[in-house]
>>> print(open('structure-v6.cif').read())   # mmCIF, C-alpha atoms
data_structure
#
loop_
_atom_site.label_atom_id
_atom_site.label_comp_id
_atom_site.auth_asym_id
_atom_site.auth_seq_id
_atom_site.Cartn_x
_atom_site.Cartn_y
_atom_site.Cartn_z
CA MET E 223 167.18 102.09 108.70
CA ALA E 224 170.71 101.65 109.98
CA GLY E 225 173.65 102.47 107.74
CA ALA E 226 175.68 99.94 105.84
CA GLU E 227 178.02 99.43 108.80
CA GLY E 228 175.21 99.02 111.29
CA LYS E 229 175.38 102.62 112.49
CA PRO E 230 172.13 104.49 113.18
CA SER E 231 170.88 106.56 110.30
CA LEU E 232 170.50 110.33 110.58
CA ALA E 233 166.74 109.92 111.06
CA GLN E 234 167.32 107.42 113.86
CA ARG E 235 169.80 109.72 115.57
CA ARG E 236 167.39 112.65 115.35
CA ARG E 237 164.58 110.51 116.74
CA ALA E 238 166.76 109.35 119.63
CA SER E 239 167.86 112.92 120.32
CA LEU E 240 164.26 114.15 120.38
CA ARG E 241 163.17 111.33 122.67
CA LEU E 242 165.99 112.15 125.08
CA GLU E 243 165.06 115.84 125.02
CA ILE E 244 161.46 114.93 125.78
CA ALA E 245 162.66 112.76 128.67
CA GLY E 246 164.74 115.60 130.09
CA GLU E 247 161.82 118.04 130.01
CA ALA E 248 159.48 115.45 131.49
CA VAL E 249 161.82 114.87 134.43
CA ARG E 250 162.24 118.62 134.96
CA LEU E 251 158.48 119.16 135.03
CA PHE E 252 157.81 116.09 137.16
CA THR E 253 160.39 117.27 139.66
CA SER E 254 159.16 120.86 139.83
CA GLN E 255 155.40 120.32 139.83
CA GLY E 256 154.83 116.61 140.41
CA VAL E 257 153.81 113.84 138.06
CA THR E 258 150.11 114.31 138.69
CA GLY E 259 150.41 118.06 138.16
CA THR E 260 152.10 117.68 134.78
CA THR E 261 150.31 117.02 131.51
CA GLY E 262 151.62 115.60 128.29
CA GLU E 263 150.70 118.85 126.60
CA GLU E 264 152.99 120.76 128.97
CA ILE E 265 155.87 118.41 128.21
CA ALA E 266 155.31 118.86 124.48
CA ARG E 267 155.17 122.63 124.84
CA ALA E 268 158.42 122.66 126.84
CA VAL E 269 160.15 120.74 124.06
CA GLY E 270 158.60 122.86 121.32
CA ILE E 271 156.65 120.09 119.61
CA SER E 272 152.97 119.34 119.18
CA SER E 273 151.09 117.02 121.51
CA ARG E 274 150.44 114.81 118.51
CA THR E 275 154.17 114.42 117.95
CA LEU E 276 154.72 113.62 121.62
CA TRP E 277 152.10 110.87 121.58
CA ARG E 278 153.65 109.38 118.46
CA HIS E 279 156.79 108.76 120.52
CA PHE E 280 155.28 107.83 123.88
CA PRO E 281 151.94 106.26 124.88
CA THR E 282 151.77 108.02 128.28
CA LYS E 283 153.36 111.03 129.94
CA GLU E 284 155.16 108.76 132.41
CA SER E 285 156.71 106.71 129.61
CA CYS E 286 158.41 109.89 128.36
CA VAL E 287 161.20 109.30 130.89
CA LEU E 288 162.11 105.84 129.53
CA PRO E 289 164.99 107.07 127.31
CA MET E 290 166.71 108.66 130.28
CA LEU E 291 166.43 105.52 132.38
CA SER E 292 167.50 103.34 129.47
CA ALA E 293 170.57 105.52 128.81
CA GLY E 294 171.95 104.77 132.27
CA LEU E 295 171.43 101.06 131.77
CA ARG E 296 173.04 101.15 128.33
CA PHE E 297 176.11 102.75 129.87
CA ALA E 298 176.31 99.96 132.46
CA VAL E 299 175.92 97.27 129.81
CA ASP E 300 178.55 98.93 127.61
CA GLN E 301 180.97 98.86 130.53
CA LEU E 302 180.25 95.17 131.16
CA ALA E 303 181.14 94.43 127.54
CA ALA E 304 184.77 95.12 128.53
CA TRP E 305 184.67 92.62 131.42
CA PRO E 306 187.61 90.27 130.71
CA SER E 307 187.55 86.54 131.19
CA GLY E 308 189.37 85.25 134.22
CA MET E 309 188.23 88.20 136.37
CA THR E 310 185.26 88.26 138.72
CA LEU E 311 182.60 90.87 138.16
CA VAL E 312 183.29 92.35 141.60
CA ASP E 313 186.99 92.76 140.76
CA PHE E 314 186.12 94.27 137.37
CA VAL E 315 183.78 96.87 138.89
CA THR E 316 186.36 97.63 141.59
CA ARG E 317 188.97 98.29 138.91
CA ALA E 318 186.53 100.43 136.91
CA GLY E 319 185.80 102.50 140.00
CA ARG E 320 189.48 103.06 140.72
CA SER E 321 190.17 104.09 137.14
CA GLY E 322 187.38 106.65 137.20
CA THR E 323 185.38 104.86 134.52
CA LEU E 324 182.14 105.35 136.42
CA PRO E 325 181.02 109.00 136.13
CA PRO E 326 179.03 111.00 138.69
CA ALA E 327 175.30 110.41 138.29
CA ALA E 328 173.30 113.25 136.77
CA PRO E 329 171.06 114.92 139.39
CA ALA E 330 168.06 114.64 137.06
CA ILE E 331 168.45 110.87 136.82
CA LEU E 332 168.74 110.56 140.60
CA ASP E 333 165.59 112.67 141.04
CA LEU E 334 163.83 110.42 138.56
CA ILE E 335 164.93 107.20 140.28
CA ARG E 336 163.73 108.56 143.62
CA MET E 337 160.35 109.38 142.08
CA THR E 338 159.98 105.81 140.86
CA SER E 339 159.73 104.68 144.48
CA THR E 340 156.57 106.71 145.11
CA ASP E 341 154.79 106.92 141.75
CA PRO E 342 153.40 103.57 140.49
CA ALA E 343 153.35 104.63 136.83
CA LEU E 344 156.97 105.79 136.93
CA ARG E 345 157.86 102.60 138.78
CA ALA E 346 156.42 100.60 135.92
CA VAL E 347 158.59 102.53 133.44
CA TRP E 348 161.69 101.93 135.60
CA LEU E 349 160.99 98.22 135.70
CA GLN E 350 160.33 98.24 131.94
CA ALA E 351 163.78 99.74 131.35
CA HIS E 352 165.35 96.88 133.28
CA ASP E 353 163.16 94.31 131.57
CA ASP E 354 164.31 95.67 128.20
CA ALA E 355 167.93 95.30 129.35
CA LEU E 356 167.57 91.63 130.30
CA PRO E 357 168.05 90.08 126.83
CA VAL E 358 171.02 92.38 126.18
CA LEU E 359 172.66 91.25 129.42
CA ALA E 360 171.88 87.62 128.61
CA GLU E 361 173.56 87.95 125.20
CA LEU E 362 176.60 89.58 126.80
CA LEU E 363 176.94 86.84 129.41
CA ALA E 364 176.39 84.15 126.79
CA ARG E 365 179.19 85.51 124.62
CA ARG E 366 181.49 85.63 127.61
CA SER E 367 180.74 82.07 128.71
CA GLY E 368 180.35 80.55 125.26
CA GLY E 369 176.84 79.42 126.18
CA SER E 370 173.41 80.37 124.92
CA ALA E 371 171.36 83.40 125.90
CA ASP E 372 168.33 81.08 125.99
CA ASP E 373 169.81 78.80 128.66
CA LEU E 374 168.05 79.07 132.01
CA ARG E 375 171.37 79.45 133.80
CA THR E 376 172.31 82.42 131.61
CA LYS E 377 168.88 83.99 132.10
CA VAL E 378 169.17 83.65 135.87
CA HIS E 379 172.65 85.21 135.85
CA ALA E 380 171.40 88.08 133.67
CA ALA E 381 168.45 88.65 136.00
CA THR E 382 170.79 88.60 139.00
CA VAL E 383 173.12 91.22 137.53
CA ASN E 384 170.14 93.27 136.38
CA GLY E 385 168.55 93.17 139.82
CA ALA E 386 171.83 94.13 141.49
CA LEU E 387 172.22 97.14 139.21
CA ARG E 388 168.66 98.27 139.90
CA ALA E 389 169.02 97.87 143.67
CA ALA E 390 172.35 99.71 143.61
CA ALA E 391 170.91 102.61 141.62
CA GLU E 392 167.95 102.93 143.99
CA GLU E 393 170.21 102.72 147.04
CA PHE E 394 172.54 105.38 145.67
CA ALA E 395 169.66 107.70 144.73
CA GLN E 396 168.13 107.47 148.20
CA ARG E 397 171.36 107.53 150.20
CA TYR E 398 172.78 110.58 148.43
CA ALA E 399 169.57 112.52 147.91
CA ASP E 400 171.01 115.52 149.76
CA ASP E 401 174.57 115.20 148.53
CA PRO E 402 175.00 116.72 145.05
CA GLU E 403 178.75 116.12 145.30
CA ALA E 404 178.39 112.34 145.38
CA SER E 405 180.74 110.90 142.80
CA GLY E 406 181.60 107.78 140.88
CA GLU E 407 183.31 106.47 143.99
CA GLU E 408 180.02 106.35 145.89
CA ILE E 409 178.27 104.79 142.89
CA THR E 410 180.95 102.10 142.77
CA ALA E 411 180.48 101.37 146.48
CA CYS E 412 176.73 100.83 146.01
CA VAL E 413 177.21 98.65 142.93
CA LEU E 414 179.87 96.54 144.67
CA ALA E 415 177.71 96.06 147.75
CA ALA E 416 174.83 94.87 145.56
CA LEU E 417 177.04 92.55 143.50
CA ARG E 418 178.62 91.03 146.60
CA ALA E 419 175.18 90.32 148.01
CA ALA E 420 174.19 88.70 144.72
CA ALA E 421 177.41 86.64 144.65
CA GLU E 422 176.69 85.28 148.13
CA GLY E 423 173.66 83.48 146.74
CA LEU E 424 170.50 82.64 148.65
CA PRO E 425 170.77 82.79 152.44
CA TYR E 426 169.46 79.24 152.85
#
>>> encode(input="structure-v6.cif", output="structure tokens")
Amino acid sequence: MAGAEGKPSLAQRRRASLRLEIAGEAVRLFTSQGVTGTTGEEIARAVGISSRTLWRHFPTKESCVLPMLSAGLRFAVDQLAAWPSGMTLVDFVTRAGRSGTLPPAAPAILDLIRMTSTDPALRAVWLQAHDDALPVLAELLARRSGGSADDLRTKVHAATVNGALRAAAEEFAQRYADDPEASGEEITACVLAALRAAAEGLPY
């Protein structure tokens, strides 16, 4: 249970930490020996836990990476929470990029995002992470507009922002696959390009 002030309890923090450690080892093994060549038992052994414990946290070996994908999305949503009224999203992201708010992407996350384009099971986990983020984005946009998260218009806007973030992340991961020095500036450029395309609306 959460604490009295809504903060995660010690047990929740330990669980989240373990899940993130599992995700990190899963990505490392998937990258070094392939998804097919990696077993859940190997992931558990790398973390130092039993297979039984691993399967209590995740239903499949591919789903082990969900915490890592979700962490990146949570960071993006947390940044959007500071988006002030009276400023376009494009201008807000531009300002965030100039101020250095957007950090360089971790190589492990970029490797993982690239793998989601070729492995169907990992792709499903990637899409699940974005699906989980949709209601959070809808609530954020609803608070900003004074509307309801259940309104179709709000849902469409949340899906649009969500889709732009996903496309930008995939574009960045592919474009800078061989450039470990790629920074927040390049991430910002990809996000802005995706948001501008979304802001243009449908082409007909």
>>> resolve_selection(input="structure-v6.cif", expression="the PyMOL selection byres ((chain E and resi 418) around 12)", output="list of chain:residue names")
E:Thr310, E:Leu311, E:Val312, E:Asp313, E:Val315, E:Thr316, E:Thr382, E:Val383, E:Ala386, E:Leu387, E:Ala390, E:Thr410, E:Ala411, E:Cys412, E:Val413, E:Leu414, E:Ala415, E:Ala416, E:Leu417, E:Ala419, E:Ala420, E:Ala421, E:Glu422, E:Gly423, E:Leu424
>>> write_last_selection(input="structure-v6.cif", atoms="C-alpha atoms", output="mmCIF file, keeping the file's coordinate frame")
data_model
loop_
_atom_site.group_PDB
_atom_site.id
_atom_site.type_symbol
_atom_site.label_atom_id
_atom_site.label_comp_id
_atom_site.auth_asym_id
_atom_site.auth_seq_id
_atom_site.Cartn_x
_atom_site.Cartn_y
_atom_site.Cartn_z
ATOM 1 C CA THR E 310 185.260 88.260 138.720
ATOM 2 C CA LEU E 311 182.600 90.870 138.160
ATOM 3 C CA VAL E 312 183.290 92.350 141.600
ATOM 4 C CA ASP E 313 186.990 92.760 140.760
ATOM 5 C CA VAL E 315 183.780 96.870 138.890
ATOM 6 C CA THR E 316 186.360 97.630 141.590
ATOM 7 C CA THR E 382 170.790 88.600 139.000
ATOM 8 C CA VAL E 383 173.120 91.220 137.530
ATOM 9 C CA ALA E 386 171.830 94.130 141.490
ATOM 10 C CA LEU E 387 172.220 97.140 139.210
ATOM 11 C CA ALA E 390 172.350 99.710 143.610
ATOM 12 C CA THR E 410 180.950 102.100 142.770
ATOM 13 C CA ALA E 411 180.480 101.370 146.480
ATOM 14 C CA CYS E 412 176.730 100.830 146.010
ATOM 15 C CA VAL E 413 177.210 98.650 142.930
ATOM 16 C CA LEU E 414 179.870 96.540 144.670
ATOM 17 C CA ALA E 415 177.710 96.060 147.750
ATOM 18 C CA ALA E 416 174.830 94.870 145.560
ATOM 19 C CA LEU E 417 177.040 92.550 143.500
ATOM 20 C CA ALA E 419 175.180 90.320 148.010
ATOM 21 C CA ALA E 420 174.190 88.700 144.720
ATOM 22 C CA ALA E 421 177.410 86.640 144.650
ATOM 23 C CA GLU E 422 176.690 85.280 148.130
ATOM 24 C CA GLY E 423 173.660 83.480 146.740
ATOM 25 C CA LEU E 424 170.500 82.640 148.650
#
>>> closest_residue(input="structure-v6.cif", among="E:Asp300, E:Ala399, E:Leu334, E:Asn384", to="Asp354 of chain E", atoms="all atoms listed in the file")
E:Asn384
>>> resolve_selection(input="structure-v6.cif", expression="the PyMOL selection byres ((chain E and resi 355) around 12)", output="JSON list (two decimals) with C-alpha atoms, in the coordinates of the input")
[["chain", "number", "residue", "atom", "x", "y", "z"],
["E", 291, "LEU", "CA", 166.43, 105.52, 132.38],
["E", 292, "SER", "CA", 167.50, 103.34, 129.47],
["E", 293, "ALA", "CA", 170.57, 105.52, 128.81],
["E", 294, "GLY", "CA", 171.95, 104.77, 132.27],
["E", 295, "LEU", "CA", 171.43, 101.06, 131.77],
["E", 296, "ARG", "CA", 173.04, 101.15, 128.33],
["E", 297, "PHE", "CA", 176.11, 102.75, 129.87],
["E", 298, "ALA", "CA", 176.31, 99.96, 132.46],
["E", 299, "VAL", "CA", 175.92, 97.27, 129.81],
["E", 300, "ASP", "CA", 178.55, 98.93, 127.61],
["E", 348, "TRP", "CA", 161.69, 101.93, 135.60],
["E", 349, "LEU", "CA", 160.99, 98.22, 135.70],
["E", 350, "GLN", "CA", 160.33, 98.24, 131.94],
["E", 351, "ALA", "CA", 163.78, 99.74, 131.35],
["E", 352, "HIS", "CA", 165.35, 96.88, 133.28],
["E", 353, "ASP", "CA", 163.16, 94.31, 131.57],
["E", 354, "ASP", "CA", 164.31, 95.67, 128.20],
["E", 356, "LEU", "CA", 167.57, 91.63, 130.30],
["E", 357, "PRO", "CA", 168.05, 90.08, 126.83],
["E", 358, "VAL", "CA", 171.02, 92.38, 126.18],
["E", 359, "LEU", "CA", 172.66, 91.25, 129.42],
["E", 360, "ALA", "CA", 171.88, 87.62, 128.61],
["E", 361, "GLU", "CA", 173.56, 87.95, 125.20],
["E", 362, "LEU", "CA", 176.60, 89.58, 126.80],
["E", 377, "LYS", "CA", 168.88, 83.99, 132.10],
["E", 380, "ALA", "CA", 171.40, 88.08, 133.67],
["E", 381, "ALA", "CA", 168.45, 88.65, 136.00],
["E", 383, "VAL", "CA", 173.12, 91.22, 137.53],
["E", 384, "ASN", "CA", 170.14, 93.27, 136.38],
["E", 385, "GLY", "CA", 168.55, 93.17, 139.82],
["E", 387, "LEU", "CA", 172.22, 97.14, 139.21],
["E", 388, "ARG", "CA", 168.66, 98.27, 139.90]]
>>> resolve_selection(input="structure-v6.cif", expression="the PyMOL selection byres ((chain E and resi 250-258) around 12)", output="ChimeraX atom specification")
/E:243-249,259-269,282-287,290,329-338,340-345
>>> atom_distance(input="structure-v6.cif", atom1="atom CA of Ala318 of chain E", atom2="atom CA of Gln301 of chain E")
8.6 Å
